[in-house]
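Note: the block below is upload-v5.txt and it holds compact mmCIF, C-alpha atoms.
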```
# COMPACT_ATOMS: atom_id res chain seq x y z
CA MET A 1 22.00 -50.42 -9.98
CA GLU A 2 25.17 -52.47 -9.67
CA PHE A 3 27.63 -53.00 -12.47
CA MET A 4 29.92 -56.03 -12.65
CA THR A 5 32.00 -54.85 -15.60
CA LEU A 6 32.98 -51.61 -17.27
CA HIS A 7 31.00 -52.79 -20.28
CA ASP A 8 27.86 -53.01 -18.14
CA PHE A 9 28.45 -49.50 -16.84
CA MET A 10 29.09 -48.03 -20.28
CA PHE A 11 26.15 -49.87 -21.79
CA TRP A 12 23.80 -48.51 -19.12
CA THR A 13 25.07 -44.93 -18.98
CA LYS A 14 25.47 -44.52 -22.75
CA GLY A 15 22.06 -46.10 -23.24
CA MET A 16 20.46 -43.64 -20.84
CA ALA A 17 22.26 -40.75 -22.53
CA TYR A 18 21.04 -41.80 -25.99
CA VAL A 19 17.48 -42.17 -24.68
CA GLY A 20 17.81 -38.69 -23.12
CA MET A 21 19.07 -37.23 -26.40
CA GLY A 22 16.21 -38.82 -28.33
CA VAL A 23 13.58 -37.57 -25.91
CA GLY A 24 15.30 -34.16 -25.82
CA LEU A 25 15.31 -33.80 -29.62
CA VAL A 26 11.64 -34.69 -29.94
CA ALA A 27 10.77 -32.43 -26.99
CA PHE A 28 12.78 -29.62 -28.58
CA VAL A 29 10.69 -29.70 -31.74
CA ALA A 30 7.52 -29.49 -29.64
CA PHE A 31 9.04 -26.70 -27.54
CA TRP A 32 10.06 -24.74 -30.63
CA LEU A 33 6.59 -25.03 -32.11
CA PHE A 34 5.12 -23.85 -28.81
CA VAL A 35 7.43 -20.83 -28.64
CA SER A 36 7.15 -19.72 -32.26
CA GLU A 37 3.63 -20.81 -33.15
CA ARG A 38 2.17 -17.33 -32.80
CA ASP A 39 5.06 -15.44 -34.37
CA VAL A 40 3.73 -12.66 -36.53
CA ASP A 41 7.14 -11.18 -37.33
CA LYS A 42 5.85 -7.77 -36.38
CA PHE A 43 9.34 -6.52 -35.52
CA ALA A 44 11.02 -7.85 -38.66
CA ASP A 45 9.83 -4.96 -40.79
CA THR A 46 10.93 -2.15 -38.48
CA GLU A 47 13.91 -1.38 -40.75
CA GLU A 48 11.77 -0.76 -43.81
CA GLU A 49 9.20 1.33 -41.95
CA MET B 1 15.40 11.66 -26.45
CA SER B 2 11.76 11.75 -25.62
CA HIS B 3 12.21 14.80 -23.41
CA HIS B 4 15.47 16.41 -22.40
CA THR B 5 14.67 17.80 -18.99
CA THR B 6 15.76 15.71 -16.06
CA PRO B 7 13.51 15.87 -13.00
CA ASN B 8 14.96 18.35 -10.52
CA LYS B 9 15.94 16.12 -7.63
CA THR B 10 18.21 16.58 -4.68
CA PHE B 11 21.48 14.63 -4.83
CA TRP B 12 20.99 13.10 -1.37
CA THR B 13 18.22 10.68 -2.19
CA PRO B 14 17.85 7.56 0.03
CA ALA B 15 19.51 5.45 -2.72
CA ASN B 16 22.48 7.82 -2.94
CA ILE B 17 22.88 7.94 0.85
CA LEU B 18 22.89 4.12 0.99
CA THR B 19 25.42 4.06 -1.85
CA ALA B 20 27.66 6.53 -0.02
CA VAL B 21 27.53 4.49 3.21
CA ILE B 22 28.40 1.24 1.38
CA LEU B 23 31.23 2.92 -0.50
CA ALA B 24 32.64 4.41 2.72
CA ILE B 25 32.60 1.03 4.51
CA GLY B 26 34.05 -0.66 1.42
CA LEU B 27 36.88 1.84 1.20
CA ALA B 28 37.75 1.30 4.87
CA LEU B 29 37.80 -2.48 4.35
CA THR B 30 39.87 -2.03 1.19
CA VAL B 31 42.50 -0.17 3.21
CA LYS B 32 42.44 -2.99 5.78
CA ARG B 33 42.77 -5.68 3.07
CA PHE B 34 45.73 -4.03 1.34
CA THR B 35 47.59 -2.99 4.48
CA MET B 36 47.00 -5.97 6.80
CA GLY B 37 46.80 -8.78 4.24
CA ILE B 38 44.11 -11.06 2.83
CA GLY B 39 43.84 -13.09 6.06
CA SER B 40 42.69 -10.03 8.01
CA VAL B 41 39.36 -9.82 6.17
CA THR B 42 38.60 -13.34 4.89
CA ASN B 43 37.80 -16.82 6.20
CA LEU B 44 39.84 -18.42 3.41
CA THR B 45 41.93 -21.47 4.32
CA ASP B 46 44.12 -24.01 2.54
CA ASP B 47 41.00 -26.21 2.23
CA ASN B 48 39.00 -23.33 0.77
CA PRO B 49 41.39 -20.99 -1.01
CA TRP B 50 38.64 -19.59 -3.24
CA GLY B 51 35.71 -17.85 -1.56
CA ILE B 52 32.91 -15.55 -2.67
CA TRP B 53 35.31 -13.17 -4.37
CA ILE B 54 35.91 -15.93 -6.93
CA GLY B 55 32.51 -17.64 -6.68
CA PHE B 56 30.42 -14.49 -6.95
CA ASP B 57 32.55 -11.58 -8.16
CA LEU B 58 34.40 -13.55 -10.82
CA LEU B 59 32.29 -16.53 -11.90
CA CYS B 60 28.94 -14.71 -11.70
CA GLY B 61 30.46 -11.43 -12.95
CA VAL B 62 31.85 -13.03 -16.11
CA ALA B 63 28.67 -15.04 -16.81
CA LEU B 64 26.38 -12.05 -16.33
CA ALA B 65 28.61 -9.88 -18.54
CA ALA B 66 27.97 -12.27 -21.45
CA GLY B 67 25.34 -9.88 -22.85
CA GLY B 68 28.14 -8.09 -24.70
CA TYR B 69 29.14 -10.92 -26.98
CA THR B 70 25.63 -12.37 -27.40
CA THR B 71 24.12 -9.03 -28.44
CA SER B 72 26.95 -7.93 -30.72
CA ALA B 73 27.05 -11.40 -32.33
CA ALA B 74 23.28 -11.26 -32.96
CA VAL B 75 23.50 -7.81 -34.56
CA TYR B 76 26.83 -7.80 -36.41
CA LEU B 77 27.36 -11.50 -37.20
CA PHE B 78 23.80 -12.76 -37.65
CA GLY B 79 22.52 -9.50 -39.13
CA MET B 80 19.63 -9.01 -36.70
CA LYS B 81 19.64 -5.23 -37.04
CA LYS B 82 16.36 -4.88 -35.17
CA TYR B 83 18.37 -5.43 -31.96
CA HIS B 84 20.90 -2.71 -32.79
CA SER B 85 19.75 -0.33 -30.07
CA ALA B 86 20.61 -2.98 -27.45
CA VAL B 87 24.27 -3.22 -28.49
CA ARG B 88 25.63 -0.15 -26.68
CA PRO B 89 23.91 -0.80 -23.34
CA ALA B 90 25.01 -4.45 -23.54
CA ILE B 91 28.62 -3.55 -24.41
CA THR B 92 28.69 -0.97 -21.60
CA THR B 93 27.46 -3.52 -19.06
CA ALA B 94 29.91 -6.13 -20.32
CA PHE B 95 32.84 -3.70 -20.27
CA LEU B 96 32.10 -2.55 -16.73
CA GLY B 97 31.38 -6.15 -15.69
CA TYR B 98 34.78 -7.37 -16.88
CA ALA B 99 36.59 -4.30 -15.57
CA PHE B 100 35.16 -4.93 -12.11
CA VAL B 101 35.93 -8.65 -12.34
CA VAL B 102 39.59 -7.69 -12.74
CA PHE B 103 39.24 -5.09 -9.98
CA ALA B 104 37.71 -7.70 -7.64
CA LEU B 105 40.47 -10.14 -8.53
CA LEU B 106 43.04 -7.74 -7.10
CA TYR B 107 41.47 -8.27 -3.66
CA ASP B 108 41.75 -12.04 -3.97
CA LEU B 109 45.32 -12.25 -5.22
CA GLY B 110 47.83 -12.53 -2.43
CA ARG B 111 50.33 -10.53 -4.45
CA TYR B 112 48.01 -8.44 -6.58
CA TYR B 113 50.86 -6.43 -8.07
CA ARG B 114 51.88 -9.60 -9.93
CA LEU B 115 48.64 -9.74 -11.90
CA PRO B 116 50.41 -9.38 -15.28
CA TYR B 117 53.02 -12.07 -14.46
CA PRO B 118 51.17 -14.96 -16.21
CA LEU B 119 51.19 -12.95 -19.42
CA THR B 120 54.77 -11.79 -19.20
CA ILE B 121 57.03 -13.63 -16.79
CA TYR B 122 55.49 -17.01 -15.91
CA PRO B 123 53.20 -18.08 -18.75
CA GLY B 124 51.59 -21.48 -18.16
CA PRO B 125 50.15 -22.38 -21.56
CA THR B 126 48.91 -25.79 -20.34
CA SER B 127 46.77 -24.26 -17.58
CA PHE B 128 43.07 -23.39 -17.75
CA LEU B 129 43.77 -20.45 -15.44
CA PHE B 130 46.33 -19.09 -17.92
CA GLU B 131 43.76 -19.32 -20.70
CA VAL B 132 41.16 -17.56 -18.55
CA GLY B 133 43.63 -14.81 -17.65
CA LEU B 134 44.77 -14.33 -21.24
CA CYS B 135 41.21 -14.31 -22.61
CA VAL B 136 39.88 -11.93 -19.96
CA ALA B 137 42.80 -9.54 -20.54
CA LEU B 138 42.25 -9.61 -24.33
CA TYR B 139 38.45 -9.45 -24.11
CA LEU B 140 38.58 -6.52 -21.70
CA THR B 141 40.72 -4.73 -24.28
CA VAL B 142 38.21 -5.63 -27.01
CA LEU B 143 35.32 -4.35 -24.88
CA ALA B 144 37.20 -1.15 -24.08
CA ILE B 145 37.58 -0.43 -27.81
CA GLU B 146 33.95 -1.42 -28.50
CA PHE B 147 32.77 0.84 -25.68
CA SER B 148 35.03 3.77 -26.62
CA PRO B 149 32.93 5.31 -29.47
CA ALA B 150 30.39 6.49 -26.86
CA LEU B 151 33.22 8.34 -25.12
CA TRP B 152 34.74 9.73 -28.33
CA GLU B 153 31.32 10.97 -29.46
CA THR B 154 30.85 12.84 -26.17
CA LEU B 155 34.32 14.37 -26.52
CA ARG B 156 33.70 14.93 -30.27
CA TRP B 157 36.95 13.17 -31.19
CA LYS B 158 35.75 12.14 -34.61
CA LYS B 159 38.94 10.46 -35.88
CA LEU B 160 39.26 8.19 -32.87
CA ARG B 161 35.56 7.44 -33.04
CA PHE B 162 35.86 6.54 -36.74
CA TRP B 163 38.90 4.33 -36.05
CA ALA B 164 37.21 2.47 -33.18
CA HIS B 165 33.96 2.09 -35.08
CA SER B 166 35.67 0.72 -38.19
CA LEU B 167 36.96 -2.22 -36.13
CA THR B 168 33.46 -3.30 -35.05
CA LEU B 169 33.18 -6.48 -37.12
CA VAL B 170 36.69 -7.72 -36.33
CA LEU B 171 36.20 -6.97 -32.62
CA THR B 172 32.85 -8.77 -32.59
CA ILE B 173 34.39 -11.92 -34.08
CA PHE B 174 37.34 -11.66 -31.70
CA GLY B 175 34.95 -11.13 -28.78
CA VAL B 176 32.86 -14.20 -29.62
CA VAL B 177 35.97 -16.38 -29.95
CA LEU B 178 37.46 -15.12 -26.67
CA SER B 179 34.15 -15.44 -24.81
CA THR B 180 33.63 -19.00 -26.03
CA LEU B 181 37.10 -19.83 -24.76
CA HIS B 182 37.07 -18.27 -21.32
CA GLN B 183 33.39 -18.78 -20.40
CA SER B 184 33.95 -22.51 -20.86
CA SER B 185 37.40 -22.50 -19.26
CA LEU B 186 35.98 -21.09 -16.04
CA GLY B 187 34.03 -24.35 -15.78
CA GLY B 188 37.16 -26.20 -16.82
CA LEU B 189 38.91 -24.96 -13.68
CA TYR B 190 36.65 -27.29 -11.67
CA LEU B 191 37.56 -30.29 -13.81
CA LEU B 192 40.73 -30.37 -11.72
CA ALA B 193 38.74 -31.22 -8.58
CA PRO B 194 36.51 -34.25 -9.30
CA SER B 195 36.87 -35.52 -5.73
CA LYS B 196 36.02 -32.15 -4.16
CA LEU B 197 32.97 -31.16 -6.18
CA HIS B 198 29.72 -33.03 -5.54
CA PRO B 199 29.03 -35.54 -8.39
CA LEU B 200 25.73 -33.88 -9.29
CA TRP B 201 27.57 -30.67 -10.11
CA TYR B 202 30.79 -32.21 -11.37
CA SER B 203 30.74 -33.35 -14.96
CA PRO B 204 33.32 -33.86 -17.71
CA TYR B 205 31.05 -31.46 -19.61
CA LEU B 206 31.44 -28.57 -17.14
CA THR B 207 33.07 -26.47 -19.84
CA LEU B 208 30.04 -26.90 -22.09
CA PHE B 209 27.62 -26.18 -19.23
CA PHE B 210 29.43 -22.98 -18.27
CA PHE B 211 29.51 -21.70 -21.84
CA LEU B 212 25.93 -22.67 -22.59
CA SER B 213 24.54 -21.14 -19.38
CA SER B 214 26.43 -17.90 -20.02
CA ILE B 215 24.23 -17.25 -23.09
CA PRO B 216 20.87 -16.99 -21.24
CA ALA B 217 22.73 -15.18 -18.44
CA GLY B 218 23.87 -12.48 -20.85
CA LEU B 219 20.53 -12.29 -22.64
CA SER B 220 18.72 -12.05 -19.29
CA MET B 221 20.95 -9.22 -18.13
CA VAL B 222 20.14 -7.29 -21.32
CA ILE B 223 16.39 -7.85 -20.72
CA PHE B 224 16.69 -7.01 -17.02
CA GLU B 225 18.68 -3.83 -17.56
CA GLY B 226 16.46 -2.85 -20.48
CA GLY B 227 13.46 -3.11 -18.19
CA LEU B 228 15.12 -1.03 -15.49
CA SER B 229 16.33 1.57 -18.00
CA HIS B 230 12.82 1.83 -19.40
CA LYS B 231 11.48 2.51 -15.92
CA PHE B 232 14.14 4.76 -14.41
CA LEU B 233 16.01 6.25 -17.39
CA HIS B 234 13.15 6.66 -19.83
CA HIS B 235 14.01 10.34 -20.25
CA LYS B 236 17.47 9.34 -21.53
CA MET B 237 16.13 7.03 -24.25
CA ASP B 238 15.51 8.29 -27.78
CA GLU B 239 12.64 7.25 -30.04
CA THR B 240 14.61 4.42 -31.68
CA HIS B 241 15.50 2.84 -28.33
CA ILE B 242 11.94 3.14 -27.03
CA LYS B 243 10.53 1.73 -30.27
CA GLU B 244 12.93 -1.20 -30.48
CA ALA B 245 12.80 -2.13 -26.77
CA PRO B 246 9.80 -4.55 -26.98
CA GLY B 247 11.40 -6.37 -29.93
CA VAL B 248 14.68 -6.73 -28.04
CA THR B 249 12.94 -8.04 -24.91
CA LEU B 250 10.75 -10.57 -26.71
CA GLY B 251 13.40 -11.65 -29.22
CA PHE B 252 15.95 -12.22 -26.48
CA ALA B 253 13.30 -13.98 -24.37
CA LYS B 254 12.76 -16.45 -27.19
CA ALA B 255 16.50 -17.04 -27.59
CA ALA B 256 16.94 -17.48 -23.83
CA ALA B 257 14.04 -19.96 -23.70
CA VAL B 258 15.58 -22.10 -26.42
CA VAL B 259 19.08 -22.11 -24.89
CA LEU B 260 17.74 -22.79 -21.38
CA PHE B 261 15.77 -25.72 -22.78
CA ALA B 262 18.91 -27.15 -24.40
CA TYR B 263 20.88 -26.52 -21.18
CA PHE B 264 18.24 -28.29 -19.08
CA ASN B 265 18.33 -31.28 -21.38
CA LEU B 266 22.12 -31.49 -21.49
CA LYS B 267 22.40 -31.28 -17.71
CA TRP B 268 20.29 -34.44 -17.42
CA ILE B 269 22.41 -36.16 -20.06
CA GLY B 270 25.39 -35.24 -17.86
CA VAL B 271 23.70 -36.94 -14.89
CA ALA B 272 22.98 -40.00 -17.06
CA LEU B 273 26.54 -40.30 -18.40
CA ASP B 274 28.00 -40.36 -14.88
CA ASN B 275 25.15 -42.51 -13.55
CA ASN B 276 24.45 -40.09 -10.71
CA TRP B 277 20.75 -40.89 -10.39
CA HIS B 278 21.11 -42.32 -6.88
CA HIS B 279 22.39 -38.95 -5.58
CA LEU B 280 19.02 -37.39 -6.43
CA ALA B 281 17.43 -39.15 -3.47
CA THR B 282 19.74 -37.31 -1.01
CA GLY B 283 19.60 -33.79 0.43
CA TRP B 284 22.15 -32.71 -2.18
CA GLY B 285 19.85 -34.17 -4.81
CA THR B 286 16.96 -32.06 -3.54
CA TRP B 287 19.11 -28.95 -3.78
CA PHE B 288 20.15 -29.96 -7.32
CA LEU B 289 16.49 -30.44 -8.28
CA VAL B 290 15.66 -27.00 -6.85
CA GLU B 291 18.34 -25.50 -9.09
CA MET B 292 17.35 -27.48 -12.17
CA PHE B 293 13.60 -27.09 -11.96
CA GLY B 294 13.21 -23.83 -10.03
CA PHE B 295 15.97 -21.85 -11.73
CA VAL B 296 16.36 -23.47 -15.17
CA LEU B 297 13.07 -25.05 -16.25
CA VAL B 298 10.77 -22.48 -14.63
CA PRO B 299 12.47 -19.42 -16.24
CA CYS B 300 12.71 -21.39 -19.50
CA LEU B 301 8.93 -21.88 -19.52
CA MET B 302 8.37 -18.29 -18.37
CA TYR B 303 10.44 -17.03 -21.30
CA ALA B 304 8.64 -19.39 -23.69
CA VAL B 305 5.21 -18.16 -22.61
CA ALA B 306 6.44 -14.54 -22.66
CA ALA B 307 7.71 -14.92 -26.24
CA ARG B 308 4.55 -16.72 -27.33
CA GLU B 309 2.14 -14.28 -25.66
CA GLN B 310 4.29 -11.18 -26.39
CA ASN B 311 4.33 -10.50 -22.66
CA GLN B 312 7.22 -8.16 -21.80
CA LYS B 313 6.49 -8.11 -18.09
CA LEU B 314 6.74 -11.89 -17.86
CA ALA B 315 10.02 -11.79 -19.79
CA PHE B 316 11.33 -9.25 -17.29
CA TYR B 317 10.41 -11.51 -14.33
CA ALA B 318 11.93 -14.51 -16.15
CA SER B 319 15.17 -12.56 -16.53
CA ILE B 320 15.31 -12.02 -12.76
CA VAL B 321 14.81 -15.75 -12.08
CA THR B 322 17.44 -16.65 -14.70
CA VAL B 323 20.00 -14.26 -13.25
CA LEU B 324 19.33 -15.68 -9.77
CA GLY B 325 19.65 -19.18 -11.23
CA ILE B 326 23.03 -18.45 -12.79
CA VAL B 327 24.25 -16.96 -9.50
CA LEU B 328 22.95 -20.04 -7.66
CA ASN B 329 24.65 -22.39 -10.11
CA ARG B 330 28.03 -20.66 -9.89
CA LEU B 331 27.84 -20.46 -6.08
CA ASN B 332 26.83 -24.12 -5.87
CA ILE B 333 29.83 -25.17 -7.94
CA SER B 334 32.38 -22.89 -6.31
CA LEU B 335 31.19 -22.91 -2.68
CA VAL B 336 28.13 -24.96 -1.69
CA ALA B 337 28.87 -28.27 -3.39
CA PHE B 338 32.62 -27.74 -3.25
CA ASN B 339 34.40 -29.64 -0.46
CA TRP B 340 31.03 -31.22 0.28
CA GLN B 341 32.66 -34.12 2.10
CA LEU B 342 34.50 -31.94 4.62
CA PRO B 343 33.11 -31.83 8.19
CA SER B 344 31.00 -28.74 8.80
CA GLU B 345 33.62 -27.03 10.99
CA LEU B 346 36.05 -27.09 8.05
CA ARG B 347 33.52 -25.79 5.52
CA TYR B 348 33.94 -22.25 4.24
CA VAL B 349 31.58 -19.52 5.37
CA PRO B 350 32.46 -16.02 4.14
CA SER B 351 33.29 -13.39 6.73
CA TRP B 352 31.14 -10.25 6.93
CA GLU B 353 34.11 -8.29 5.57
CA GLU B 354 34.27 -10.50 2.45
CA ILE B 355 30.55 -10.04 1.88
CA MET B 356 30.84 -6.30 2.47
CA ILE B 357 33.70 -5.94 -0.01
CA THR B 358 31.62 -7.82 -2.60
CA VAL B 359 28.67 -5.50 -1.90
CA PHE B 360 31.08 -2.56 -2.21
CA ILE B 361 32.34 -3.74 -5.61
CA VAL B 362 28.82 -4.35 -6.94
CA THR B 363 27.68 -0.93 -5.65
CA LEU B 364 30.69 0.75 -7.23
CA GLU B 365 29.93 -0.94 -10.55
CA ILE B 366 26.28 0.12 -10.44
CA THR B 367 27.36 3.68 -9.59
CA VAL B 368 29.74 3.83 -12.56
CA LEU B 369 27.05 2.30 -14.80
CA ARG B 370 24.56 4.93 -13.67
CA ILE B 371 27.06 7.69 -14.46
CA CYS B 372 27.77 6.19 -17.91
CA LEU B 373 24.08 5.82 -18.76
CA ASN B 374 23.38 9.39 -17.64
CA LYS B 375 26.37 11.10 -19.22
CA LEU B 376 27.18 9.13 -22.39
CA PRO B 377 25.15 8.48 -25.57
CA ILE B 378 24.29 4.89 -24.67
CA LEU B 379 20.50 4.88 -24.45
CA HIS B 380 20.26 7.49 -27.18
CA GLU B 381 22.23 8.50 -30.26
CA HIS B 382 24.55 11.48 -30.10
CA PRO B 383 22.95 14.28 -32.19
CA GLU B 384 26.12 14.66 -34.30
CA PHE B 385 26.42 10.94 -35.00
CA LYS B 386 22.85 9.91 -35.76
CA GLY B 387 22.73 6.77 -37.85
CA ALA B 388 26.53 6.61 -38.01
CA HIS B 389 26.79 3.14 -36.50
```
As structure tokens:
Amino acid sequence: MEFMTLHDFMFWTKGMAYVGMGVGLVAFVAFWLFVSERDVDKFADTEEE
Amino acid sequence: MSHHTTPNKTFWTPANILTAVILAIGLALTVKRFTMGIGSVTNLTDDNPWGIWIGFDLLCGVALAAGGYTTSAAVYLFGMKKYHSAVRPAITTAFLGYAFVVFALLYDLGRYYRLPYPLTIYPGPTSFLFEVGLCVALYLTVLAIEFSPALWETLRWKKLRFWAHSLTLVLTIFGVVLSTLHQSSLGGLYLLAPSKLHPLWYSPYLTLFFFLSSIPAGLSMVIFEGGLSHKFLHHKMDETHIKEAPGVTLGFAKAAAVVLFAYFNLKWIGVALDNNWHHLATGWGTWFLVEMFGFVLVPCLMYAVAAREQNQKLAFYASIVTVLGIVLNRLNISLVAFNWQLPSELRYVPSWEEIMITVFIVTLEITVLRICLNKLPILHEHPEFKGAH
């Protein structure tokens, strides 16, 4: 992709970064649910035992 | 301890013989380095003044020693007491890691006897290198004090042990602050060379990437060493350590998965902000993709599945891939993608003596770690100080 002005460059790169952040945040929620879905907290009570 | 008797083995096992041979060669090369100069053992040039002693011994050594601050922060700052048994092994590894980073640095400094100069005679407060030096010196001191209770307990020096232990919280806070500063500043060193480092690895956010990647590096080292200790030093572990080990492995696996996921995402945002997409279609791009997918995303998913399925073995394998990934990343930045535009005859390739000295330093560190784990109350509580920390 060619850029004629700094504005073009900033618009494109910042735009891509914002899209990446948006996708990343949504993906993170899904990832977190995947990782912690089956948590049974079986180690949390070791102190009391 | 589960059982106190150590298997009756001869000292000259194959591992010990190999260790002795490496140490003997390393000592001979050390004499050569310090009597005939740095040029006699290295391929370093003005184009490549930093070789594997910086790229591996220092950058990888510091990143992989991050288990100290991550574990102590989790336990003492975030109150996750279920990981308490992991603190001493992690602090021991971190202390030895940093001590050997400084030891390795002596080989790389032309005038090693001037190591303290930046702190005393020529301070350069505007330099990243000054900050790294200051932080490493202070953090090594912090780690020495954090590590010392194990020594004082063995020597039964109760007052010193009480004094060192009473500083735990302050030292933990100090350690986290210092680690945040110097882990990121090591990446900051490469901000000075935007024209030398390949654009896929160069980023204005190098400081953030170095700090962020140090967290899974440290967590992975704790998991990796925990797995090895469980296998080879089981007889040195007490009931508490054995009982808490699965929780440490799976808890740290979950944390490492989350941070690796964030790191993977931020690395792509770095590519987007510099508009480096077109580099991905080159050979360098392929190598970058190997690092990003093979050594960041794959271990991230391995950790995620391990945490979800409560699979300790998978977490152990993920820790190996993560450690290899961190080593690959640091070597890419400091050696492989550095001076990428130079013709091949001017590129740096380490001499066999440089590699051998690195192997010597790593072997020496492992030997000292083995001695510490065998002789000090690190994987078990000292009988006279049970529950005292």
*By how many Å are atom CA of B:Gly325 and atom CA of B:Ala63 apart?*
11.4 Å
Contacts of B:Val362 within 12 Å, all atoms listed in the file, excl. fewer than 6 positions in-chain, as a PDB file with C-alpha atoms, in the coordinates of the input:
```pdb
ATOM      1  CA  THR B  19      25.420   4.060  -1.850  1.00  0.00           C
ATOM      2  CA  ILE B  22      28.400   1.240   1.380  1.00  0.00           C
ATOM      3  CA  LEU B  23      31.230   2.920  -0.500  1.00  0.00           C
ATOM      4  CA  GLY B  26      34.050  -0.660   1.420  1.00  0.00           C
ATOM      5  CA  TRP B  53      35.310 -13.170  -4.370  1.00  0.00           C
ATOM      6  CA  PHE B  56      30.420 -14.490  -6.950  1.00  0.00           C
ATOM      7  CA  ASP B  57      32.550 -11.580  -8.160  1.00  0.00           C
ATOM      8  CA  LEU B  58      34.400 -13.550 -10.820  1.00  0.00           C
ATOM      9  CA  CYS B  60      28.940 -14.710 -11.700  1.00  0.00           C
ATOM     10  CA  GLY B  61      30.460 -11.430 -12.950  1.00  0.00           C
ATOM     11  CA  LEU B  96      32.100  -2.550 -16.730  1.00  0.00           C
ATOM     12  CA  GLY B  97      31.380  -6.150 -15.690  1.00  0.00           C
ATOM     13  CA  TYR B  98      34.780  -7.370 -16.880  1.00  0.00           C
ATOM     14  CA  ALA B  99      36.590  -4.300 -15.570  1.00  0.00           C
ATOM     15  CA  PHE B 100      35.160  -4.930 -12.110  1.00  0.00           C
ATOM     16  CA  VAL B 101      35.930  -8.650 -12.340  1.00  0.00           C
ATOM     17  CA  PHE B 103      39.240  -5.090  -9.980  1.00  0.00           C
ATOM     18  CA  ALA B 104      37.710  -7.700  -7.640  1.00  0.00           C
ATOM     19  CA  ILE B 355      30.550 -10.040   1.880  1.00  0.00           C
ATOM     20  CA  MET B 356      30.840  -6.300   2.470  1.00  0.00           C
ATOM     21  CA  VAL B 368      29.740   3.830 -12.560  1.00  0.00           C
ATOM     22  CA  LEU B 369      27.050   2.300 -14.800  1.00  0.00           C
TER      23      LEU B 369
END
```
Write out as JSON lines the residues of chain B that have any atom within 7 Å of an atom of chain A, one row each with the nearest atom pair and its distance in Å to one decimal, counting all atoms listed in the file, sorted by chain and then rising number.
```
{"residue": "B:Lys82", "atom": "CA", "partner": "A:Thr46", "partner_atom": "CA", "distance": 6.9}
{"residue": "B:Gly247", "atom": "CA", "partner": "A:Phe43", "partner_atom": "CA", "distance": 6.0}
{"residue": "B:Asn265", "atom": "CA", "partner": "A:Gly24", "partner_atom": "CA", "distance": 6.1}
{"residue": "B:Ile269", "atom": "CA", "partner": "A:Ala17", "partner_atom": "CA", "distance": 5.2}
{"residue": "B:Ala272", "atom": "CA", "partner": "A:Ala17", "partner_atom": "CA", "distance": 5.6}
{"residue": "B:Leu273", "atom": "CA", "partner": "A:Thr13", "partner_atom": "CA", "distance": 4.9}
{"residue": "B:Asp274", "atom": "CA", "partner": "A:Thr13", "partner_atom": "CA", "distance": 6.8}
{"residue": "B:Asn275", "atom": "CA", "partner": "A:Thr13", "partner_atom": "CA", "distance": 5.9}
{"residue": "B:Ala304", "atom": "CA", "partner": "A:Val35", "partner_atom": "CA", "distance": 5.3}
{"residue": "B:Val305", "atom": "CA", "partner": "A:Val35", "partner_atom": "CA", "distance": 7.0}
{"residue": "B:Ala307", "atom": "CA", "partner": "A:Val35", "partner_atom": "CA", "distance": 6.4}
{"residue": "B:Arg308", "atom": "CA", "partner": "A:Val35", "partner_atom": "CA", "distance": 5.2}
```
Might I get the box with edges along x, y and z of the file that holds all atoms of stretch 142-146 of chain B listed there, padded by 3 Å on every side, given as centre and edge lengths in Å to one decimal, as AutoDock Vina command-line options?
```
--center_x 36.1 --center_y -3.0 --center_z -26.3 --size_x 10.3 --size_y 11.2 --size_z 10.4
```
*Contacts of B:Ile173 within 9 Å, only C-alpha atoms, excl. fewer than 4 positions in-chain, as a PyMOL selection string*: chain B and resi 69+73+76-77+168-169+177-178
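Going from atom CA of B:Asn374 to atom CA of B:Asn311 covers 28.0 Å.
Of note, atom CA of B:Met237 and atom CA of B:Ile145 are spaced 23.0 Å apart.
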*If you count all atoms listed in the file, which residues fall within 6 Å of stretch 32-43 of chain B, apart from same-chain ones fewer than 6 positions away, as a PyMOL selection string?*
chain B and resi 350-351+353-354
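For the point (21.3, -40.0, -7.7) in file coordinates, the residues within 12 Å, using only C-alpha atoms, are Met1 of chain A; His198, Pro199, Leu200, Trp201, Trp268, Gly270, Val271, Ala272, Leu273, Asp274, Asn275, Asn276, Trp277, His278, His279, Leu280, Ala281, Thr282, Gly283, Trp284, Gly285, Thr286, Trp287, Phe288 and Leu289 of chain B.
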*What lies within 10 Å of B:Asn339 using all atoms listed in the file, ignoring chain neighbours under 4 positions off, as a PyMOL selection string?*
chain B and resi 47-48+193+195-198+333-335+343-344+346-348
_Excluding B:Gly68 and its own-chain neighbours fewer than 3 positions away, which residues fall within 10 Å of it when counting only C-alpha atoms? Please give them as an MDAnalysis selection string._
chainID B and resid 64:65 71:73 86:95 97 143 146 172 175:176 179 218:219 221:222
_Counting only C-alpha atoms, the residue of B:Pro383, B:Gly226, B:Gly51, B:Gly294 that sits nearest B:Lys313_ =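 Among the listed residues, the smallest separation from B:Lys313 belongs to B:Gly226.
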